[in-house]
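A.B. asks: For reference, the file run-v2.pdb (PDB, C-alpha atoms) is included below:
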ATOM      1  CA  GLY A   1       3.937  26.189 -43.605
ATOM      2  CA  ARG A   2       6.270  28.321 -41.510
ATOM      3  CA  TYR A   3       8.736  29.692 -44.053
ATOM      4  CA  LEU A   4       8.004  33.098 -45.501
ATOM      5  CA  GLN A   5       9.611  32.160 -48.815
ATOM      6  CA  VAL A   6       7.696  28.957 -49.483
ATOM      7  CA  THR A   7       4.440  29.196 -47.568
ATOM      8  CA  ALA A   8       1.322  29.093 -49.708
ATOM      9  CA  LEU A   9      -2.101  29.177 -48.122
ATOM     10  CA  GLY A  10      -2.905  25.932 -49.896
ATOM     11  CA  ASN A  11      -0.382  23.942 -47.872
ATOM     12  CA  ALA A  12      -0.271  26.030 -44.711
ATOM     13  CA  LYS A  13      -0.315  24.208 -41.400
ATOM     14  CA  ASP A  14      -0.951  25.960 -38.120
ATOM     15  CA  ILE A  15       1.273  24.154 -35.632
ATOM     16  CA  THR A  16      -0.441  26.034 -32.794
ATOM     17  CA  GLY A  17      -3.390  23.703 -33.341
ATOM     18  CA  GLU A  18      -6.065  26.389 -33.143
ATOM     19  CA  MET A  19      -6.239  27.952 -36.606
ATOM     20  CA  PRO A  20      -6.572  25.456 -39.491
ATOM     21  CA  PHE A  21      -5.123  26.513 -42.847
ATOM     22  CA  VAL A  22      -3.471  29.523 -41.202
ATOM     23  CA  PRO A  23       0.341  29.720 -41.493
ATOM     24  CA  GLU A  24       2.252  29.395 -38.231
ATOM     25  CA  VAL A  25       3.720  32.854 -38.744
ATOM     26  CA  ILE A  26       0.275  34.462 -38.680
ATOM     27  CA  ALA A  27      -1.247  32.172 -36.048
ATOM     28  CA  THR A  28       1.620  32.683 -33.611
ATOM     29  CA  ALA A  29       1.737  36.450 -34.158
ATOM     30  CA  ILE A  30      -1.989  36.730 -33.429
ATOM     31  CA  GLN A  31      -1.740  34.513 -30.345
ATOM     32  CA  PHE A  32       1.225  36.501 -29.017
ATOM     33  CA  LEU A  33      -0.487  39.872 -29.441
ATOM     34  CA  ARG A  34      -3.611  38.558 -27.734
ATOM     35  CA  LYS A  35      -1.691  36.893 -24.904
ATOM     36  CA  TYR A  36       0.153  40.074 -23.960
ATOM     37  CA  LYS A  37      -2.943  42.262 -24.396
ATOM     38  CA  ALA A  38      -1.205  44.296 -27.061
ATOM     39  CA  LEU A  39      -4.194  44.997 -29.292
ATOM     40  CA  GLY A  40      -4.735  48.458 -27.823
ATOM     41  CA  THR A  41      -1.111  49.519 -28.324
ATOM     42  CA  PRO A  42      -1.222  53.031 -29.841
ATOM     43  CA  GLU A  43      -0.701  53.051 -33.612
ATOM     44  CA  LEU A  44      -0.474  49.265 -33.875
ATOM     45  CA  PHE A  45      -0.249  48.402 -37.602
ATOM     46  CA  ARG A  46       0.471  52.057 -38.388
ATOM     47  CA  LYS A  47       4.042  52.355 -37.133
ATOM     48  CA  SER A  48       6.906  50.674 -38.930
ATOM     49  CA  VAL A  49       9.950  48.996 -37.431
ATOM     50  CA  SER A  50      13.573  49.278 -38.469
ATOM     51  CA  LEU A  51      14.361  47.568 -41.753
ATOM     52  CA  SER A  52      17.312  45.722 -40.222
ATOM     53  CA  LEU A  53      15.127  44.210 -37.484
ATOM     54  CA  MET A  54      12.512  43.025 -39.975
ATOM     55  CA  GLU A  55      15.152  41.596 -42.298
ATOM     56  CA  GLU A  56      16.744  39.676 -39.423
ATOM     57  CA  LEU A  57      13.391  38.171 -38.463
ATOM     58  CA  LYS A  58      12.626  37.211 -42.061
ATOM     59  CA  LYS A  59      16.081  35.667 -42.391
ATOM     60  CA  GLN A  60      15.536  33.487 -39.335
ATOM     61  CA  LEU A  61      12.077  32.389 -40.462
ATOM     62  CA  ASN A  62      13.285  31.574 -43.953
ATOM     63  CA  LYS A  63      15.968  29.343 -42.439
ATOM     64  CA  GLY A  64      13.224  27.252 -40.859
ATOM     65  CA  LEU A  65      12.927  28.755 -37.388
ATOM     66  CA  THR A  66       9.336  28.979 -36.202
ATOM     67  CA  LEU A  67       8.053  32.322 -35.003
ATOM     68  CA  ARG A  68       7.073  30.688 -31.721
ATOM     69  CA  THR A  69      10.706  29.715 -31.131
ATOM     70  CA  PHE A  70      11.962  33.147 -32.181
ATOM     71  CA  LEU A  71       9.671  34.859 -29.664
ATOM     72  CA  GLN A  72      10.957  32.810 -26.734
ATOM     73  CA  ARG A  73      13.833  35.265 -26.406
ATOM     74  CA  TYR A  74      11.420  37.969 -25.246
ATOM     75  CA  ARG A  75      10.620  37.408 -21.574
ATOM     76  CA  GLU A  76       8.931  40.756 -21.123
ATOM     77  CA  PRO A  77       7.819  41.891 -24.582
ATOM     78  CA  GLY A  78       6.881  45.494 -25.115
ATOM     79  CA  GLU A  79       5.843  47.940 -27.791
ATOM     80  CA  SER A  80       8.829  47.219 -30.054
ATOM     81  CA  GLU A  81       7.987  43.511 -30.230
ATOM     82  CA  PHE A  82       4.295  44.225 -30.747
ATOM     83  CA  MET A  83       5.052  46.556 -33.645
ATOM     84  CA  LEU A  84       7.407  43.965 -35.142
ATOM     85  CA  LEU A  85       4.657  41.328 -35.194
ATOM     86  CA  ALA A  86       2.139  43.776 -36.628
ATOM     87  CA  CYS A  87       4.573  44.583 -39.436
ATOM     88  CA  LEU A  88       5.167  40.869 -39.985
ATOM     89  CA  ILE A  89       1.435  40.245 -40.462
ATOM     90  CA  LYS A  90       1.259  43.102 -42.968
ATOM     91  CA  HIS A  91       4.358  41.823 -44.757
ATOM     92  CA  TYR A  92       2.951  38.317 -45.078
ATOM     93  CA  CYS A  93      -0.243  39.602 -46.706
ATOM     94  CA  SER A  94       1.652  41.782 -49.172
ATOM     95  CA  ALA A  95       4.221  39.057 -49.973
ATOM     96  CA  LEU A  96       1.633  36.683 -51.432
ATOM     97  CA  ALA A  97       1.974  36.481 -55.206
ATOM     98  CA  GLU A  98      -1.810  36.809 -55.572
ATOM     99  CA  PRO A  99      -4.045  38.793 -53.205
ATOM    100  CA  VAL A 100      -5.923  36.692 -50.668
ATOM    101  CA  PHE A 101      -9.147  38.120 -52.115
ATOM    102  CA  THR A 102      -8.807  36.662 -55.599
ATOM    103  CA  VAL A 103      -9.028  38.956 -58.616
ATOM    104  CA  GLU A 104     -12.542  37.876 -59.606
ATOM    105  CA  VAL A 105     -13.891  38.256 -56.069
ATOM    106  CA  THR A 106     -12.139  41.610 -55.705
ATOM    107  CA  LYS A 107     -13.826  42.864 -58.878
ATOM    108  CA  GLN A 108     -17.250  41.794 -57.639
ATOM    109  CA  ILE A 109     -16.749  43.373 -54.225
ATOM    110  CA  ILE A 110     -15.603  46.677 -55.718
ATOM    111  CA  VAL A 111     -18.557  46.799 -58.115
ATOM    112  CA  ALA A 112     -20.970  46.116 -55.252
ATOM    113  CA  GLN A 113     -19.349  48.791 -53.089
ATOM    114  CA  GLU A 114     -19.559  51.357 -55.890
ATOM    115  CA  SER A 115     -23.206  50.603 -56.664
ATOM    116  CA  ARG A 116     -25.391  53.622 -55.915
ATOM    117  CA  ASN A 117     -28.570  51.565 -56.115
ATOM    118  CA  THR A 118     -27.581  49.050 -53.454
ATOM    119  CA  SER A 119     -28.218  49.650 -49.758
ATOM    120  CA  GLN A 120     -25.559  49.023 -47.127
ATOM    121  CA  GLU A 121     -27.469  45.949 -45.945
ATOM    122  CA  GLU A 122     -27.580  44.575 -49.489
ATOM    123  CA  LYS A 123     -23.885  45.270 -49.982
ATOM    124  CA  LEU A 124     -23.084  43.291 -46.854
ATOM    125  CA  LEU A 125     -25.105  40.351 -48.185
ATOM    126  CA  LEU A 126     -23.241  40.543 -51.484
ATOM    127  CA  PHE A 127     -19.897  40.633 -49.689
ATOM    128  CA  GLN A 128     -20.909  37.503 -47.771
ATOM    129  CA  ARG A 129     -21.889  35.767 -50.998
ATOM    130  CA  TYR A 130     -18.644  36.663 -52.751
ATOM    131  CA  PHE A 131     -16.606  35.692 -49.702
ATOM    132  CA  GLN A 132     -17.895  32.125 -50.001
ATOM    133  CA  LEU A 133     -16.608  31.986 -53.596
ATOM    134  CA  LEU A 134     -13.029  32.150 -52.343
ATOM    135  CA  PRO A 135     -10.934  28.975 -52.181
ATOM    136  CA  THR A 136     -11.225  27.170 -48.843
ATOM    137  CA  THR A 137      -7.729  28.102 -47.701
ATOM    138  CA  ASN A 138      -8.311  31.776 -48.451
ATOM    139  CA  ARG A 139     -11.582  31.775 -46.515
ATOM    140  CA  TYR A 140      -9.966  30.201 -43.456
ATOM    141  CA  PHE A 141      -7.141  32.714 -43.568
ATOM    142  CA  LEU A 142      -9.523  35.675 -43.788
ATOM    143  CA  ALA A 143     -11.922  34.157 -41.249
ATOM    144  CA  THR A 144      -8.995  34.339 -38.827
ATOM    145  CA  LEU A 145      -7.647  37.733 -39.891
ATOM    146  CA  LEU A 146     -10.933  39.678 -39.975
ATOM    147  CA  PRO A 147     -12.109  38.821 -36.412
ATOM    148  CA  PHE A 148      -8.613  39.547 -35.135
ATOM    149  CA  LEU A 149      -8.647  42.973 -36.788
ATOM    150  CA  LYS A 150     -12.109  43.555 -35.286
ATOM    151  CA  GLU A 151     -10.589  42.878 -31.852
ATOM    152  CA  VAL A 152      -7.776  45.303 -32.639
ATOM    153  CA  ALA A 153     -10.218  48.004 -33.757
ATOM    154  CA  ASP A 154     -12.363  47.581 -30.635
ATOM    155  CA  ALA A 155      -9.315  47.668 -28.352
ATOM    156  CA  GLN A 156      -7.967  50.750 -30.101
ATOM    157  CA  VAL A 157     -11.272  52.604 -29.753
ATOM    158  CA  SER A 158     -11.553  51.599 -26.085
ATOM    159  CA  ALA A 159      -8.017  52.803 -25.384
ATOM    160  CA  GLY A 160      -8.817  56.151 -26.984
ATOM    161  CA  ALA A 161      -5.157  56.863 -27.647
ATOM    162  CA  ASP A 162      -3.712  59.063 -30.361
ATOM    163  CA  GLY A 163      -3.394  57.376 -33.738
ATOM    164  CA  CYS A 164      -6.389  55.139 -33.047
ATOM    165  CA  MET A 165      -6.418  52.243 -35.504
ATOM    166  CA  ASN A 166     -10.152  51.780 -35.848
ATOM    167  CA  ALA A 167     -11.759  49.645 -38.566
ATOM    168  CA  ASP A 168     -11.565  52.445 -41.133
ATOM    169  CA  ASN A 169      -7.842  52.953 -40.566
ATOM    170  CA  LEU A 170      -7.174  49.213 -40.585
ATOM    171  CA  GLY A 171      -9.000  49.035 -43.906
ATOM    172  CA  ILE A 172      -6.612  51.641 -45.285
ATOM    173  CA  VAL A 173      -3.674  49.510 -44.134
ATOM    174  CA  PHE A 174      -4.844  46.061 -45.252
ATOM    175  CA  ALA A 175      -6.979  46.550 -48.369
ATOM    176  CA  PRO A 176      -4.014  47.454 -50.636
ATOM    177  CA  SER A 177      -2.317  44.133 -49.812
ATOM    178  CA  THR A 178      -5.353  41.831 -49.720
ATOM    179  CA  MET A 179      -8.022  43.221 -52.067
ATOM    180  CA  TYR A 180      -6.570  44.604 -55.288
ATOM    181  CA  ILE A 181      -6.046  43.846 -58.972
ATOM    182  CA  PRO A 182      -2.348  43.089 -59.615
ATOM    183  CA  ASP A 183      -2.450  44.423 -63.185
ATOM    184  CA  ASP A 184      -3.917  47.715 -61.973
ATOM    185  CA  PRO A 185      -3.402  47.962 -58.179
ATOM    186  CA  THR A 186      -4.693  51.539 -57.890
ATOM    187  CA  PHE A 187      -8.017  50.824 -59.565
ATOM    188  CA  GLY A 188     -10.932  50.805 -57.117
ATOM    189  CA  VAL A 189      -8.578  51.296 -54.185
ATOM    190  CA  THR A 190     -10.942  53.644 -52.323
ATOM    191  CA  SER A 191     -13.882  51.272 -52.711
ATOM    192  CA  ALA A 192     -11.756  48.300 -51.675
ATOM    193  CA  THR A 193     -10.668  50.150 -48.538
ATOM    194  CA  LYS A 194     -14.276  50.898 -47.595
ATOM    195  CA  ALA A 195     -15.360  47.324 -48.315
ATOM    196  CA  PHE A 196     -12.548  45.873 -46.214
ATOM    197  CA  SER A 197     -13.492  48.174 -43.333
ATOM    198  CA  ILE A 198     -17.095  46.987 -43.555
ATOM    199  CA  MET A 199     -15.893  43.395 -43.374
ATOM    200  CA  ILE A 200     -13.840  44.139 -40.272
ATOM    201  CA  LYS A 201     -16.830  45.746 -38.565
ATOM    202  CA  ASN A 202     -18.992  42.757 -39.501
ATOM    203  CA  ALA A 203     -16.350  40.048 -39.137
ATOM    204  CA  LYS A 204     -18.764  37.598 -37.497
ATOM    205  CA  PHE A 205     -20.677  37.373 -40.788
ATOM    206  CA  PHE A 206     -17.648  36.019 -42.658
ATOM    207  CA  PRO A 207     -17.043  32.500 -41.313
ATOM    208  CA  ALA A 208     -14.813  30.063 -43.148
ATOM    209  CA  GLU A 209     -17.729  27.690 -43.663
ATOM    210  CA  THR A 210     -21.462  28.294 -43.824
ATOM    211  CA  SER A 211     -24.462  26.201 -44.812
ATOM    212  CA  LEU A 212     -26.887  29.116 -44.821
ATOM    213  CA  PRO A 213     -28.335  30.203 -48.190
ATOM    214  CA  PHE A 214     -27.864  33.839 -49.095
ATOM    215  CA  PRO A 215     -30.973  35.911 -49.851
ATOM    216  CA  SER A 216     -31.376  37.168 -53.397
ATOM    217  CA  VAL A 217     -30.074  40.700 -53.832
ATOM    218  CA  LYS A 218     -30.981  42.756 -56.873
ATOM    219  CA  THR A 219     -28.721  45.517 -58.100
ATOM    220  CA  GLU A 220     -28.915  47.795 -61.091
ATOM    221  CA  PRO A 221     -25.990  47.830 -63.548
ATOM    222  CA  GLN A 222     -23.725  50.805 -62.978
ATOM    223  CA  GLN A 223     -22.752  53.245 -65.685
ATOM    224  CA  GLY A 224     -19.142  54.187 -66.147
ATOM    225  CA  ILE A 225     -17.628  51.177 -64.373
ATOM    226  CA  HIS A 226     -14.280  50.185 -65.797
ATOM    227  CA  PRO A 227     -14.579  47.026 -67.965
ATOM    228  CA  LYS A 228     -12.011  45.248 -65.804
ATOM    229  CA  LEU A 229     -14.317  45.542 -62.816
ATOM    230  CA  ARG A 230     -17.635  44.672 -64.437
ATOM    231  CA  PRO A 231     -18.732  41.159 -63.390
ATOM    232  CA  ARG A 232     -20.582  38.915 -65.797
ATOM    233  CA  ASN A 233     -23.893  39.616 -64.045
ATOM    234  CA  ILE A 234     -23.843  40.740 -60.466
ATOM    235  CA  SER A 235     -27.469  39.720 -59.859
ATOM    236  CA  ASP A 236     -27.000  36.158 -61.100
ATOM    237  CA  PRO A 237     -26.215  33.313 -58.686
ATOM    238  CA  PRO A 238     -22.452  33.136 -58.106
ATOM    239  CA  THR A 239     -20.357  30.726 -60.105
ATOM    240  CA  PRO A 240     -18.858  27.918 -57.978
ATOM    241  CA  PRO A 241     -15.133  28.400 -57.318
ATOM    242  CA  PRO A 242     -12.503  26.120 -58.873
ATOM    243  CA  ARG A 243     -12.192  22.910 -56.901
ATOM    244  CA  ARG A 244      -8.469  22.954 -56.273
ATOM    245  CA  ARG A 245      -7.524  26.576 -56.586
ATOM    246  CA  ILE A 246      -4.932  27.726 -54.054
ATOM    247  CA  LEU A 247      -2.855  30.831 -53.680
ATOM    248  CA  PRO A 248       0.597  30.798 -55.264
ATOM    249  CA  THR A 249       3.740  30.678 -53.181
ATOM    250  CA  PRO A 250       4.680  34.079 -51.700
ATOM    251  CA  GLN A 251       7.390  35.910 -53.579
ATOM    252  CA  LYS A 252      10.850  35.996 -52.075
ATOM    253  CA  SER A 253      11.674  39.079 -50.082
TER     254      SER A 253
END
Here is the file; what I need is its structure written in the form of structure tokens.
C.D. replies:
Amino acid sequence: GRYLQVTALGNAKDITGEMPFVPEVIATAIQFLRKYKALGTPELFRKSVSLSLMEELKKQLNKGLTLRTFLQRYREPGESEFMLLACLIKHYCSALAEPVFTVEVTKQIIVAQESRNTSQEEKLLLFQRYFQLLPTTNRYFLATLLPFLKEVADAQVSAGADGCMNADNLGIVFAPSTMYIPDDPTFGVTSATKAFSIMIKNAKFFPAETSLPFPSVKTEPQQGIHPKLRPRNISDPPTPPPRRRILPTPQKS
């Protein structure tokens, strides 16, 4: 599960041993940024790195080199290396052939976020319910990514530096590559961004596994919602997810 070209969340293996179902590329990048206390680095996840540097890293990973091995060359990593790993995490999310929030779940989340008759507390409950509809591998991936982004947001706010990447700004960065409709990627983009930010702020409520029942939440049907985004019945109990559904292999860079 370490190659960018062939890794699918369904067969991902975290060789770090701490993050099941999370690709080594993501697990190692997160560990590295935590280890070197880089989460408060100004404009982390906002700044880009040189295209040649990113292409060289992708080339090495696609040859079979693990990210952990690649990073051994950096004895005293600094801002450049931190930005490179942040860009790599973003690239991995956007390279997946299907968004990690599946199309059906994305539609339901956007409808809930756009509902004017649903309180913020009720929206959070709906997001939790829809989150559990995701395939197991997707949930484990997001249950690793969301708490990490919460740590980043908290560190950024504490640092108080210019270009603070708080939860709202991280939502702007990550929602377009994780929570969108491939056939119409601009549809509901503002609502998706807000929903993703809410999930970052409440990351502890989105575990990979839960045995707790979700309270019933009633919502009124919304007028003027695009047909593509209208769920079958948002107030009905959720439909169980497909048993063996996994994300497709990421597209080649």
A.B. asks: What is the CA of Phe21 in chain A-CA of Pro182 in chain A distance in Å, reported with one decimal?
C.D. replies: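 Atom-to-atom, CA of Phe21 in chain A to CA of Pro182 in chain A, that is 23.7 Å.
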A.B. asks: For range 42-44 of chain A, list every protein, DNA or RNA residue within 10 Å, evaluated using only C-alpha atoms, and leave out those in the same chain fewer than 6 positions away; present the list as an MDAnalysis selection string.
C.D. replies: chainID A and resid 79 82:87 152:153 155:156 159:166 169:170
A.B. asks: Identify which of the residues A:Gly64, A:Pro23, A:Gly78, A:Pro147 lies closest to Ala38 in chain A, counting all atoms listed in the file when measuring atom-to-atom distances.
C.D. replies: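 Distance minimum relative to Ala38 in chain A lands on A:Gly78.
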A.B. asks: Rounded to one decimal in Å, what is the spacing between CA of Ile30 in chain A and CA of Leu125 in chain A?
C.D. replies: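 Between these atoms lies a distance of 27.7 Å.
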A.B. asks: Between CA of Leu88 in chain A and CA of Val25 in chain A, what is the spacing in Å?
C.D. replies: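 Interatomic distance, CA of Val25 in chain A to CA of Leu88 in chain A: 8.2 Å.
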A.B. asks: Using only C-alpha atoms, which of A:Thr41, A:Ser158, A:Asn62, A:Gln132 sits nearest Phe101 in chain A?
C.D. replies: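 Going through A:Thr41, A:Ser158, A:Asn62, A:Gln132 one by one, the smallest distance to Phe101 in chain A is for A:Gln132.
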A.B. asks: Evaluated on this file, the PyMOL selection byres ((chain A and resi 91) around 12) picks out some residues - which ones are they, written as a VMD selection string?
C.D. replies: chain A and resid 4 to 5 25 to 26 45 48 to 49 51 54 to 55 57 to 58 84 to 90 92 to 97 173 to 174 176 to 178 250 to 253
A.B. asks: Since we have the selection now, will you write its residues out, keeping C-alpha atoms, as a short mmCIF file (atom, residue, chain, number, x, y, z; two decimals), in the coordinates of the input?
C.D. replies:
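Result went into selection_25.cif, see below:
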data_model
loop_
_atom_site.label_atom_id
_atom_site.label_comp_id
_atom_site.auth_asym_id
_atom_site.auth_seq_id
_atom_site.Cartn_x
_atom_site.Cartn_y
_atom_site.Cartn_z
CA LEU A 4 8.00 33.10 -45.50
CA GLN A 5 9.61 32.16 -48.82
CA VAL A 25 3.72 32.85 -38.74
CA ILE A 26 0.28 34.46 -38.68
CA PHE A 45 -0.25 48.40 -37.60
CA SER A 48 6.91 50.67 -38.93
CA VAL A 49 9.95 49.00 -37.43
CA LEU A 51 14.36 47.57 -41.75
CA MET A 54 12.51 43.02 -39.98
CA GLU A 55 15.15 41.60 -42.30
CA LEU A 57 13.39 38.17 -38.46
CA LYS A 58 12.63 37.21 -42.06
CA LEU A 84 7.41 43.96 -35.14
CA LEU A 85 4.66 41.33 -35.19
CA ALA A 86 2.14 43.78 -36.63
CA CYS A 87 4.57 44.58 -39.44
CA LEU A 88 5.17 40.87 -39.98
CA ILE A 89 1.44 40.24 -40.46
CA LYS A 90 1.26 43.10 -42.97
CA TYR A 92 2.95 38.32 -45.08
CA CYS A 93 -0.24 39.60 -46.71
CA SER A 94 1.65 41.78 -49.17
CA ALA A 95 4.22 39.06 -49.97
CA LEU A 96 1.63 36.68 -51.43
CA ALA A 97 1.97 36.48 -55.21
CA VAL A 173 -3.67 49.51 -44.13
CA PHE A 174 -4.84 46.06 -45.25
CA PRO A 176 -4.01 47.45 -50.64
CA SER A 177 -2.32 44.13 -49.81
CA THR A 178 -5.35 41.83 -49.72
CA PRO A 250 4.68 34.08 -51.70
CA GLN A 251 7.39 35.91 -53.58
CA LYS A 252 10.85 36.00 -52.08
CA SER A 253 11.67 39.08 -50.08
#
A.B. asks: Written as a VMD selection string, which residues does the PyMOL selection byres ((chain A and resi 36) around 10) give for the file shown?
C.D. replies: chain A and resid 31 to 35 37 to 39 76 to 78 82
A.B. asks: As JSON, please report the centre and edge lengths, rounded to one decimal in Å, of the axis-aligned box that holds all listed atoms of range 23-42 of chain A with 6 Å of padding on each of the six sides.
C.D. replies:
{"center_x": -0.5, "center_y": 41.2, "center_z": -32.7, "size_x": 20.5, "size_y": 35.6, "size_z": 29.5}
A.B. asks: Calculated over all atoms listed in the file, which of the candidates A:Ser50, A:Thr102, A:Thr66, A:Gln113 has the smallest distance to Leu142 in chain A?
C.D. replies: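 Closest candidate: A:Thr102.
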